[in-house]
$ cat structure_0.txt   # compact mmCIF, C-alpha atoms
# COMPACT_ATOMS: atom_id res chain seq x y z
CA MET A 1 20.63 45.66 -41.35
CA ASN A 2 22.45 47.05 -44.37
CA ASN A 3 25.71 48.44 -43.02
CA THR A 4 26.25 50.62 -46.09
CA LYS A 5 23.41 52.89 -45.04
CA LYS A 6 24.13 55.84 -42.77
CA HIS A 7 22.21 55.46 -39.55
CA GLY A 8 20.69 58.04 -37.27
CA VAL A 9 18.52 58.14 -34.15
CA LEU A 10 15.35 60.10 -33.47
CA LEU A 11 14.57 60.45 -29.76
CA VAL A 12 10.85 61.10 -29.27
CA ASN A 13 9.12 62.55 -26.25
CA LEU A 14 5.74 64.11 -25.58
CA GLY A 15 6.74 67.77 -25.89
CA THR A 16 6.48 70.99 -23.97
CA PRO A 17 5.32 74.59 -24.40
CA ASP A 18 7.91 76.90 -25.96
CA HIS A 19 7.50 79.39 -23.12
CA ALA A 20 5.97 79.44 -19.62
CA THR A 21 3.19 81.79 -20.73
CA ALA A 22 -0.55 81.29 -21.03
CA PRO A 23 -0.59 81.71 -24.85
CA ALA A 24 2.27 79.21 -25.33
CA VAL A 25 0.67 76.73 -22.94
CA LYS A 26 -2.67 77.14 -24.71
CA ARG A 27 -1.07 76.34 -28.09
CA PHE A 28 0.62 73.27 -26.67
CA LEU A 29 -2.43 71.97 -24.80
CA SER A 30 -4.62 72.54 -27.84
CA GLN A 31 -2.42 70.33 -30.00
CA PHE A 32 -2.00 67.71 -27.27
CA LEU A 33 -5.67 67.48 -26.28
CA HIS A 34 -6.86 67.44 -29.91
CA ASP A 35 -5.18 64.05 -30.40
CA LYS A 36 -7.77 61.27 -30.42
CA ARG A 37 -5.19 58.95 -28.89
CA VAL A 38 -5.22 61.18 -25.82
CA VAL A 39 -8.93 62.08 -25.67
CA ASP A 40 -11.14 59.75 -27.70
CA MET A 41 -14.42 61.65 -27.33
CA SER A 42 -16.31 62.60 -30.48
CA ARG A 43 -14.97 65.87 -31.86
CA TRP A 44 -18.35 67.62 -32.03
CA LEU A 45 -18.70 67.15 -28.27
CA TRP A 46 -15.06 67.53 -27.23
CA CYS A 47 -13.98 70.56 -29.27
CA PRO A 48 -16.52 73.01 -27.77
CA ILE A 49 -15.57 71.82 -24.27
CA LEU A 50 -11.86 72.08 -25.04
CA HIS A 51 -11.93 75.52 -26.65
CA GLY A 52 -14.79 77.00 -24.67
CA ILE A 53 -13.95 75.82 -21.17
CA ILE A 54 -10.73 73.86 -20.68
CA LEU A 55 -8.17 75.91 -22.60
CA PRO A 56 -9.32 79.35 -21.36
CA ILE A 57 -9.42 78.19 -17.74
CA ARG A 58 -6.48 75.78 -17.56
CA SER A 59 -3.90 77.56 -19.71
CA PRO A 60 -3.16 80.41 -17.24
CA LYS A 61 -3.13 77.98 -14.30
CA VAL A 62 -0.80 75.53 -16.02
CA ALA A 63 1.45 78.41 -17.16
CA LYS A 64 1.96 79.37 -13.50
CA LEU A 65 2.91 75.79 -12.70
CA TYR A 66 5.44 75.78 -15.54
CA GLN A 67 6.87 79.05 -14.24
CA SER A 68 7.57 77.36 -10.89
CA VAL A 69 9.84 74.73 -12.51
CA TRP A 70 11.12 76.62 -15.59
CA MET A 71 14.90 76.57 -15.91
CA GLU A 72 17.21 79.27 -17.19
CA GLU A 73 17.68 77.31 -20.43
CA GLY A 74 13.96 76.59 -20.84
CA SER A 75 11.47 73.86 -20.03
CA PRO A 76 12.96 71.03 -17.92
CA LEU A 77 11.71 68.43 -20.38
CA MET A 78 13.47 70.19 -23.26
CA VAL A 79 16.65 70.93 -21.30
CA TYR A 80 17.08 67.31 -20.21
CA SER A 81 16.06 65.98 -23.63
CA GLN A 82 18.76 68.11 -25.27
CA GLN A 83 21.27 66.73 -22.78
CA GLN A 84 20.19 63.19 -23.70
CA LYS A 85 20.59 63.95 -27.38
CA GLN A 86 24.08 65.38 -26.95
CA ALA A 87 25.23 62.58 -24.66
CA LEU A 88 23.90 59.82 -26.92
CA GLN A 89 25.38 61.42 -30.03
CA ALA A 90 28.79 61.72 -28.35
CA ARG A 91 28.58 58.13 -27.10
CA MET A 92 27.52 56.54 -30.41
CA GLY A 93 29.16 58.80 -32.97
CA LEU A 94 25.94 58.87 -35.00
CA PRO A 95 23.54 61.72 -35.80
CA VAL A 96 20.88 62.07 -33.11
CA GLU A 97 17.91 64.45 -33.22
CA LEU A 98 14.86 65.18 -31.10
CA GLY A 99 11.24 64.96 -32.22
CA MET A 100 8.24 65.83 -30.05
CA SER A 101 4.77 64.43 -30.58
CA TYR A 102 3.42 67.91 -29.77
CA GLY A 103 5.19 71.25 -29.93
CA ASN A 104 8.73 71.89 -31.12
CA PRO A 105 10.86 70.42 -32.55
CA SER A 106 8.29 68.24 -34.29
CA ILE A 107 8.90 64.67 -35.37
CA SER A 108 8.84 65.90 -38.97
CA THR A 109 11.57 68.43 -38.16
CA GLY A 110 13.67 65.76 -36.46
CA ILE A 111 13.46 63.46 -39.50
CA SER A 112 14.32 66.30 -41.87
CA ARG A 113 17.38 67.25 -39.81
CA LEU A 114 18.62 63.65 -39.88
CA MET A 115 18.14 63.32 -43.63
CA GLU A 116 19.95 66.62 -44.20
CA GLN A 117 22.93 64.88 -42.59
CA GLY A 118 22.73 62.05 -45.12
CA VAL A 119 20.96 59.58 -42.85
CA GLU A 120 19.17 56.82 -44.75
CA GLN A 121 18.12 54.55 -41.90
CA ILE A 122 16.48 56.00 -38.77
CA THR A 123 15.86 54.24 -35.50
CA VAL A 124 12.97 55.95 -33.72
CA LEU A 125 13.15 55.64 -29.94
CA PRO A 126 10.06 56.94 -28.13
CA LEU A 127 11.23 57.52 -24.57
CA TYR A 128 8.19 55.83 -23.06
CA PRO A 129 9.44 52.64 -21.36
CA GLN A 130 5.91 51.28 -20.93
CA TYR A 131 3.78 51.09 -24.07
CA SER A 132 0.52 53.00 -24.21
CA ALA A 133 -1.67 54.01 -27.11
CA THR A 134 -1.81 57.48 -25.56
CA THR A 135 1.97 57.96 -25.88
CA THR A 136 3.80 55.37 -27.99
CA ALA A 137 1.04 54.91 -30.56
CA ALA A 138 0.51 58.68 -30.70
CA ALA A 139 4.21 59.05 -31.53
CA PHE A 140 3.85 56.43 -34.27
CA ASP A 141 0.85 58.32 -35.68
CA ALA A 142 2.89 61.55 -35.79
CA LEU A 143 5.76 59.66 -37.45
CA SER A 144 3.43 58.20 -40.09
CA LYS A 145 1.94 61.63 -40.76
CA ALA A 146 5.40 63.11 -41.25
CA LEU A 147 6.49 60.31 -43.60
CA ALA A 148 3.29 60.63 -45.65
CA LYS A 149 4.50 64.04 -46.87
CA MET A 150 7.91 62.83 -48.02
CA ALA A 151 8.86 61.77 -51.55
CA LEU A 152 11.95 59.83 -50.44
CA LEU A 153 11.43 57.71 -47.35
CA PRO A 154 14.24 56.63 -45.05
CA SER A 155 14.31 53.10 -43.67
CA ILE A 156 12.62 53.14 -40.29
CA HIS A 157 12.99 51.00 -37.18
CA PHE A 158 10.56 51.85 -34.38
CA VAL A 159 11.24 50.76 -30.79
CA ARG A 160 7.86 49.99 -29.24
CA ASP A 161 8.80 49.70 -25.56
CA TYR A 162 11.54 48.71 -23.14
CA HIS A 163 9.64 48.28 -19.87
CA ASN A 164 11.50 45.06 -18.98
CA HIS A 165 14.89 45.72 -20.57
CA PRO A 166 17.60 44.65 -18.10
CA SER A 167 19.62 47.85 -18.60
CA TYR A 168 16.55 50.00 -17.93
CA ILE A 169 15.79 48.12 -14.72
CA ARG A 170 19.44 48.36 -13.64
CA ALA A 171 19.49 52.10 -14.34
CA LEU A 172 16.36 52.61 -12.22
CA ALA A 173 17.83 50.51 -9.42
CA GLN A 174 21.07 52.46 -9.56
CA SER A 175 19.18 55.74 -9.19
CA VAL A 176 17.32 54.37 -6.16
CA ARG A 177 20.51 53.10 -4.51
CA GLN A 178 22.21 56.42 -5.12
CA SER A 179 19.32 58.23 -3.44
CA TRP A 180 19.46 55.83 -0.49
CA GLN A 181 23.17 56.49 -0.12
CA GLU A 182 22.74 60.26 -0.25
CA ASN A 183 19.46 60.72 1.62
CA GLY A 184 18.92 57.57 3.63
CA ARG A 185 16.50 54.76 2.86
CA GLY A 186 12.83 55.38 3.43
CA ASP A 187 10.27 53.02 4.90
CA TYR A 188 8.66 52.54 1.49
CA LEU A 189 9.47 52.99 -2.21
CA LEU A 190 6.55 54.31 -4.27
CA CYS A 191 6.67 54.04 -8.07
CA SER A 192 4.32 56.64 -9.55
CA TYR A 193 3.38 56.22 -13.22
CA HIS A 194 1.41 58.60 -15.42
CA GLY A 195 -2.19 57.44 -15.49
CA ILE A 196 -4.61 56.73 -18.33
CA PRO A 197 -8.39 56.29 -18.23
CA LYS A 198 -9.27 52.79 -17.02
CA ARG A 199 -11.52 52.42 -20.05
CA TYR A 200 -8.47 52.54 -22.33
CA ALA A 201 -6.93 49.57 -20.51
CA ASP A 202 -10.26 47.73 -20.57
CA ASN A 203 -10.24 48.20 -24.35
CA GLY A 204 -6.83 46.62 -24.79
CA ASP A 205 -4.11 49.09 -23.82
CA ILE A 206 -1.36 47.02 -22.17
CA TYR A 207 0.11 49.95 -20.24
CA PRO A 208 -0.85 48.76 -16.73
CA GLN A 209 0.69 45.33 -17.32
CA HIS A 210 3.93 47.00 -18.38
CA CYS A 211 3.93 49.24 -15.30
CA GLU A 212 3.36 46.24 -13.06
CA MET A 213 6.20 44.31 -14.73
CA THR A 214 8.62 47.23 -14.40
CA THR A 215 7.79 47.57 -10.71
CA GLU A 216 8.17 43.85 -10.06
CA LEU A 217 11.53 43.65 -11.86
CA LEU A 218 12.75 46.70 -9.95
CA ARG A 219 11.62 45.08 -6.69
CA LEU A 220 13.64 41.97 -7.49
CA GLU A 221 16.68 43.99 -8.57
CA LEU A 222 16.63 45.93 -5.29
CA GLY A 223 15.87 42.88 -3.16
CA LEU A 224 12.72 44.40 -1.66
CA THR A 225 9.71 42.56 -0.31
CA LYS A 226 6.31 43.25 -1.83
CA GLU A 227 5.43 45.19 1.31
CA GLN A 228 8.33 47.62 0.76
CA ILE A 229 7.38 48.86 -2.72
CA GLY A 230 4.18 50.06 -4.36
CA LEU A 231 2.73 51.24 -7.67
CA THR A 232 0.36 54.16 -8.24
CA TYR A 233 -0.90 56.34 -11.09
CA GLN A 234 -0.79 60.13 -11.22
CA SER A 235 -1.96 63.09 -13.33
CA ARG A 236 -5.58 62.06 -13.86
CA PHE A 237 -7.82 64.52 -15.64
CA GLY A 238 -11.59 64.76 -15.93
CA ARG A 239 -14.33 62.87 -14.10
CA GLU A 240 -14.09 59.33 -15.43
CA GLU A 241 -12.22 56.57 -13.59
CA TRP A 242 -8.51 56.27 -14.31
CA LEU A 243 -6.08 53.50 -13.42
CA GLN A 244 -5.83 53.00 -9.67
CA PRO A 245 -4.48 53.30 -7.05
CA TYR A 246 -4.15 57.07 -7.44
CA THR A 247 -0.84 58.63 -6.40
CA ASP A 248 -2.33 61.64 -4.62
CA LYS A 249 -4.73 59.55 -2.53
CA THR A 250 -1.97 57.09 -1.67
CA LEU A 251 0.37 59.86 -0.50
CA GLU A 252 -2.34 61.10 1.83
CA ALA A 253 -2.97 57.60 3.20
CA LEU A 254 0.56 56.22 3.67
CA PRO A 255 1.40 58.02 6.96
CA GLY A 256 -1.71 56.47 8.50
CA ARG A 257 -0.37 53.05 7.52
CA GLY A 258 2.87 53.65 9.38
CA VAL A 259 4.98 54.92 6.49
CA LYS A 260 6.78 57.96 7.89
CA THR A 261 9.73 58.18 5.48
CA LEU A 262 9.02 57.80 1.77
CA ASP A 263 11.03 57.53 -1.44
CA VAL A 264 9.18 58.28 -4.69
CA LEU A 265 10.31 57.26 -8.17
CA THR A 266 8.59 58.04 -11.51
CA PRO A 267 9.68 55.21 -13.85
CA ALA A 268 7.42 56.13 -16.78
CA PHE A 269 9.11 59.52 -17.27
CA SER A 270 12.48 59.46 -19.02
CA VAL A 271 13.19 63.09 -18.11
CA ASP A 272 12.04 65.36 -15.33
CA CYS A 273 9.16 67.61 -16.32
CA LEU A 274 6.13 69.41 -14.89
CA GLU A 275 4.51 66.15 -13.78
CA THR A 276 7.55 65.07 -11.77
CA LEU A 277 9.02 68.34 -10.52
CA GLU A 278 5.80 70.13 -9.60
CA GLU A 279 3.14 67.45 -9.20
CA ILE A 280 5.28 64.92 -7.31
CA SER A 281 8.29 66.73 -5.85
CA GLU A 282 6.27 69.75 -4.69
CA GLN A 283 2.55 68.91 -4.43
CA GLY A 284 3.13 65.27 -3.53
CA LYS A 285 5.65 66.13 -0.85
CA GLU A 286 3.30 68.68 0.68
CA SER A 287 0.43 66.16 0.77
CA PHE A 288 2.54 63.45 2.38
CA LEU A 289 4.02 65.70 5.06
CA HIS A 290 0.65 67.32 5.78
CA ALA A 291 -0.82 63.85 6.35
CA GLY A 292 1.79 63.08 8.99
CA GLY A 293 4.80 61.92 7.00
CA GLU A 294 8.22 62.91 8.31
CA ARG A 295 10.53 62.70 5.28
CA PHE A 296 9.75 62.70 1.57
CA THR A 297 12.52 62.02 -0.96
CA TYR A 298 11.88 62.47 -4.65
CA ILE A 299 14.25 60.38 -6.80
CA PRO A 300 14.93 62.25 -10.08
CA CYS A 301 14.25 60.74 -13.49
CA LEU A 302 17.10 59.06 -15.33
CA ASN A 303 17.53 62.15 -17.52
CA ALA A 304 21.02 62.12 -19.12
CA GLU A 305 22.64 59.95 -16.45
CA GLU A 306 25.38 57.71 -17.82
CA ALA A 307 23.47 54.51 -17.03
CA HIS A 308 20.48 55.83 -18.99
CA ILE A 309 22.58 56.68 -22.03
CA GLU A 310 24.25 53.26 -21.88
CA MET A 311 20.78 51.70 -21.78
CA MET A 312 19.87 53.56 -24.97
CA VAL A 313 23.06 52.33 -26.65
CA GLU A 314 22.22 48.72 -25.78
CA LEU A 315 18.61 49.18 -26.83
CA LEU A 316 19.52 50.72 -30.20
CA ASN A 317 22.29 48.20 -31.00
CA LEU A 318 23.14 49.99 -34.25
CA PRO A 319 26.01 49.18 -36.62
CA ASN A 320 28.87 51.65 -37.27
CA SER A 321 28.41 53.26 -33.86
CA GLN A 322 31.15 53.73 -31.31
CA VAL A 323 30.15 50.88 -28.98
$ encode --input "structure_0.txt" --output "structure tokens"
Amino acid sequence: MNNTKKHGVLLVNLGTPDHATAPAVKRFLSQFLHDKRVVDMSRWLWCPILHGIILPIRSPKVAKLYQSVWMEEGSPLMVYSQQQKQALQARMGLPVELGMSYGNPSISTGISRLMEQGVEQITVLPLYPQYSATTTAAAFDALSKALAKMALLPSIHFVRDYHNHPSYIRALAQSVRQSWQENGRGDYLLCSYHGIPKRYADNGDIYPQHCEMTTELLRLELGLTKEQIGLTYQSRFGREEWLQPYTDKTLEALPGRGVKTLDVLTPAFSVDCLETLEEISEQGKESFLHAGGERFTYIPCLNAEEAHIEMMVELLNLPNSQV
């Protein structure tokens, strides 16, 4: 790297509605579900379904779910992402900005804010530990689209994934141990990852292999047997088959297999959001207890925890930073 260039960091995440209202959710879902990386159906078939059925029906329902987890400062994903940005900037002494693949602030806005601060070389860190075309590649597409409109391009370094980075695994393990210390250790540790259609993996997406590797490395770090930890996939949508085993079905089945106390971790999510706080911590807990479970402990995402920020510092490994 050329040390004479001023460096900056762009943290990228999926995004969130600006408000917990049906119109704001509809705008966000429209942008998200229009992306061919997310839904690869032909547009002439998908767009009428999306605009005629899905958005009118789902937007009010999803808005109510957002309202159940909305924080005083805004969406959990945005609140925790801002905390990450501030903590990383303070730790490294370099400009750090946020860019969302969908919604605000956009990736284009994040790049512009960095360049306004004189940044010439940008390291783009999508906060998706496990690579998927639906997330990481979608972020790269948005980055490319933003750069295509610029006359003067910054130097760009793009971090593709960090599913097996030792500091990431240690940070996950630390969060599990802290939960065990505070809440007691459950019979079983379930790692729930966001799902993707199985067809995407069959066509070459390496996401499931990354999820499996993360889980195995975490198992070894914690000293667990293979019978004490499991991997599932959540948040499926539509009728086609997604990656299995499914989180919701597993939560319903575990008490019948003798698991009465359960710890649940969501390693694919860098910050807590609707999918972790409502789908897992609320719906998942209800399903497990209703099926005969006795104690359900949700282990929060790494968010802006010190170990997570230190992981980012090691991952970025930038010159002229305070490391």
$ closest_atom_pairs --input "structure_0.txt" --of "segment 207-323 of chain A" --to "segment 53-77 of chain A" --cutoff "9 Å" --atoms "all atoms listed in the file" --output "JSON lines"
{"residue": "A:Val271", "atom": "CA", "partner": "A:Leu77", "partner_atom": "CA", "distance": 6.0}
{"residue": "A:Asp272", "atom": "CA", "partner": "A:Leu77", "partner_atom": "CA", "distance": 5.9}
{"residue": "A:Cys273", "atom": "CA", "partner": "A:Leu77", "partner_atom": "CA", "distance": 4.9}
{"residue": "A:Leu274", "atom": "CA", "partner": "A:Tyr66", "partner_atom": "CA", "distance": 6.4}
{"residue": "A:Leu277", "atom": "CA", "partner": "A:Val69", "partner_atom": "CA", "distance": 6.7}
{"residue": "A:Glu278", "atom": "CA", "partner": "A:Val69", "partner_atom": "CA", "distance": 6.8}
$ closest_residue --input "structure_0.txt" --among "A:Leu315, A:Glu305, A:Ile156, A:Thr261" --to "Gln83 of chain A" --atoms "only C-alpha atoms"
A:Glu305
$ residues_around --input "structure_0.txt" --residues "Thr16 of chain A" --least-positions-apart "5" --cutoff "8 Å" --atoms "all atoms listed in the file" --output "PyMOL selection string"
chain A and resi 28+75+77-78+102-104
$ write_last_selection --input "structure_0.txt" --atoms "C-alpha atoms" --output "short mmCIF file (atom, residue, chain, number, x, y, z; two decimals), keeping the file's coordinate frame"
data_model
loop_
_atom_site.label_atom_id
_atom_site.label_comp_id
_atom_site.auth_asym_id
_atom_site.auth_seq_id
_atom_site.Cartn_x
_atom_site.Cartn_y
_atom_site.Cartn_z
CA PHE A 28 0.62 73.27 -26.67
CA SER A 75 11.47 73.86 -20.03
CA LEU A 77 11.71 68.43 -20.38
CA MET A 78 13.47 70.19 -23.26
CA TYR A 102 3.42 67.91 -29.77
CA GLY A 103 5.19 71.25 -29.93
CA ASN A 104 8.73 71.89 -31.12
#
$ axis_aligned_box --input "structure_0.txt" --around "segment 120-126 of chain A" --padding-each-side "8 Å" --output "lines of an AutoDock Vina configuration file"
center_x = 14.6
center_y = 55.6
center_z = -36.4
size_x = 25.1
size_y = 18.7
size_z = 32.6
$ closest_residue --input "structure_0.txt" --among "A:Leu189, A:Val159, A:Val313, A:Met150" --to "Tyr128 of chain A" --atoms "only C-alpha atoms"
A:Val159
$ closest_residue --input "structure_0.txt" --among "A:Lys26, A:Lys145, A:His34, A:His194" --to "Leu265 of chain A" --atoms "only C-alpha atoms"
A:His194
$ decode --input "structure_0.txt" --residues "segment 123-134 of chain A" --atoms "all heavy atoms" --output "short mmCIF file (atom, residue, chain, number, x, y, z; two decimals), in the first residue's frame"
data_model
loop_
_atom_site.label_atom_id
_atom_site.label_comp_id
_atom_site.auth_asym_id
_atom_site.auth_seq_id
_atom_site.Cartn_x
_atom_site.Cartn_y
_atom_site.Cartn_z
N THR A 123 -10.96 1.17 2.20
CA THR A 123 -11.16 -0.25 2.44
C THR A 123 -12.64 -0.47 2.73
O THR A 123 -13.19 0.13 3.67
CB THR A 123 -10.32 -0.76 3.62
OG1 THR A 123 -8.94 -0.60 3.30
CG2 THR A 123 -10.61 -2.23 3.89
N VAL A 124 -13.28 -1.28 1.91
CA VAL A 124 -14.70 -1.56 2.04
C VAL A 124 -14.86 -2.87 2.80
O VAL A 124 -14.38 -3.92 2.36
CB VAL A 124 -15.38 -1.65 0.66
CG1 VAL A 124 -16.87 -1.93 0.81
CG2 VAL A 124 -15.15 -0.37 -0.13
N LEU A 125 -15.51 -2.80 3.95
CA LEU A 125 -15.71 -3.98 4.79
C LEU A 125 -17.19 -4.30 4.88
O LEU A 125 -17.91 -3.75 5.70
CB LEU A 125 -15.13 -3.75 6.19
CG LEU A 125 -15.35 -4.87 7.22
CD1 LEU A 125 -14.81 -6.20 6.71
CD2 LEU A 125 -14.71 -4.50 8.55
N PRO A 126 -17.70 -5.21 4.03
CA PRO A 126 -19.07 -5.68 4.20
C PRO A 126 -19.14 -6.55 5.44
O PRO A 126 -18.37 -7.50 5.58
CB PRO A 126 -19.32 -6.51 2.92
CG PRO A 126 -18.23 -6.11 1.97
CD PRO A 126 -17.06 -5.79 2.84
N LEU A 127 -20.04 -6.23 6.35
CA LEU A 127 -20.11 -6.93 7.62
C LEU A 127 -20.94 -8.21 7.50
O LEU A 127 -21.89 -8.45 8.25
CB LEU A 127 -20.64 -6.00 8.70
CG LEU A 127 -19.61 -4.91 9.07
CD1 LEU A 127 -20.23 -3.85 9.96
CD2 LEU A 127 -18.39 -5.51 9.74
N TYR A 128 -20.55 -9.02 6.52
CA TYR A 128 -21.11 -10.35 6.31
C TYR A 128 -19.95 -11.33 6.46
O TYR A 128 -19.17 -11.51 5.52
CB TYR A 128 -21.73 -10.48 4.92
CG TYR A 128 -22.70 -9.39 4.54
CD1 TYR A 128 -22.44 -8.57 3.45
CD2 TYR A 128 -23.87 -9.19 5.26
CE1 TYR A 128 -23.33 -7.57 3.09
CE2 TYR A 128 -24.76 -8.19 4.90
CZ TYR A 128 -24.48 -7.39 3.81
OH TYR A 128 -25.37 -6.41 3.45
N PRO A 129 -19.79 -11.97 7.61
CA PRO A 129 -18.64 -12.86 7.80
C PRO A 129 -18.56 -13.96 6.75
O PRO A 129 -17.48 -14.28 6.26
CB PRO A 129 -18.88 -13.43 9.20
CG PRO A 129 -19.76 -12.44 9.89
CD PRO A 129 -20.63 -11.88 8.82
N GLN A 130 -19.72 -14.54 6.43
CA GLN A 130 -19.77 -15.63 5.45
C GLN A 130 -20.19 -15.06 4.09
O GLN A 130 -21.22 -14.40 3.98
CB GLN A 130 -20.77 -16.70 5.90
CG GLN A 130 -20.42 -17.36 7.22
CD GLN A 130 -20.78 -16.52 8.44
OE1 GLN A 130 -21.65 -15.64 8.37
NE2 GLN A 130 -20.13 -16.77 9.55
N TYR A 131 -19.40 -15.35 3.08
CA TYR A 131 -19.72 -14.83 1.73
C TYR A 131 -21.02 -15.43 1.20
O TYR A 131 -21.28 -16.62 1.33
CB TYR A 131 -18.60 -15.17 0.75
CG TYR A 131 -18.96 -14.82 -0.68
CD1 TYR A 131 -18.69 -13.57 -1.20
CD2 TYR A 131 -19.64 -15.74 -1.49
CE1 TYR A 131 -19.05 -13.24 -2.49
CE2 TYR A 131 -20.01 -15.42 -2.78
CZ TYR A 131 -19.72 -14.16 -3.28
OH TYR A 131 -20.10 -13.83 -4.56
N SER A 132 -21.81 -14.57 0.57
CA SER A 132 -22.94 -15.02 -0.24
C SER A 132 -23.15 -14.02 -1.36
O SER A 132 -22.95 -12.81 -1.17
CB SER A 132 -24.22 -15.14 0.58
OG SER A 132 -25.32 -15.45 -0.27
N ALA A 133 -23.57 -14.52 -2.51
CA ALA A 133 -23.89 -13.62 -3.61
C ALA A 133 -25.06 -12.71 -3.25
O ALA A 133 -25.16 -11.59 -3.75
CB ALA A 133 -24.23 -14.42 -4.87
N THR A 134 -25.93 -13.19 -2.34
CA THR A 134 -27.11 -12.39 -1.98
C THR A 134 -26.77 -11.20 -1.09
O THR A 134 -27.58 -10.29 -0.95
CB THR A 134 -28.14 -13.27 -1.24
OG1 THR A 134 -27.56 -13.76 -0.02
CG2 THR A 134 -28.55 -14.45 -2.10
#
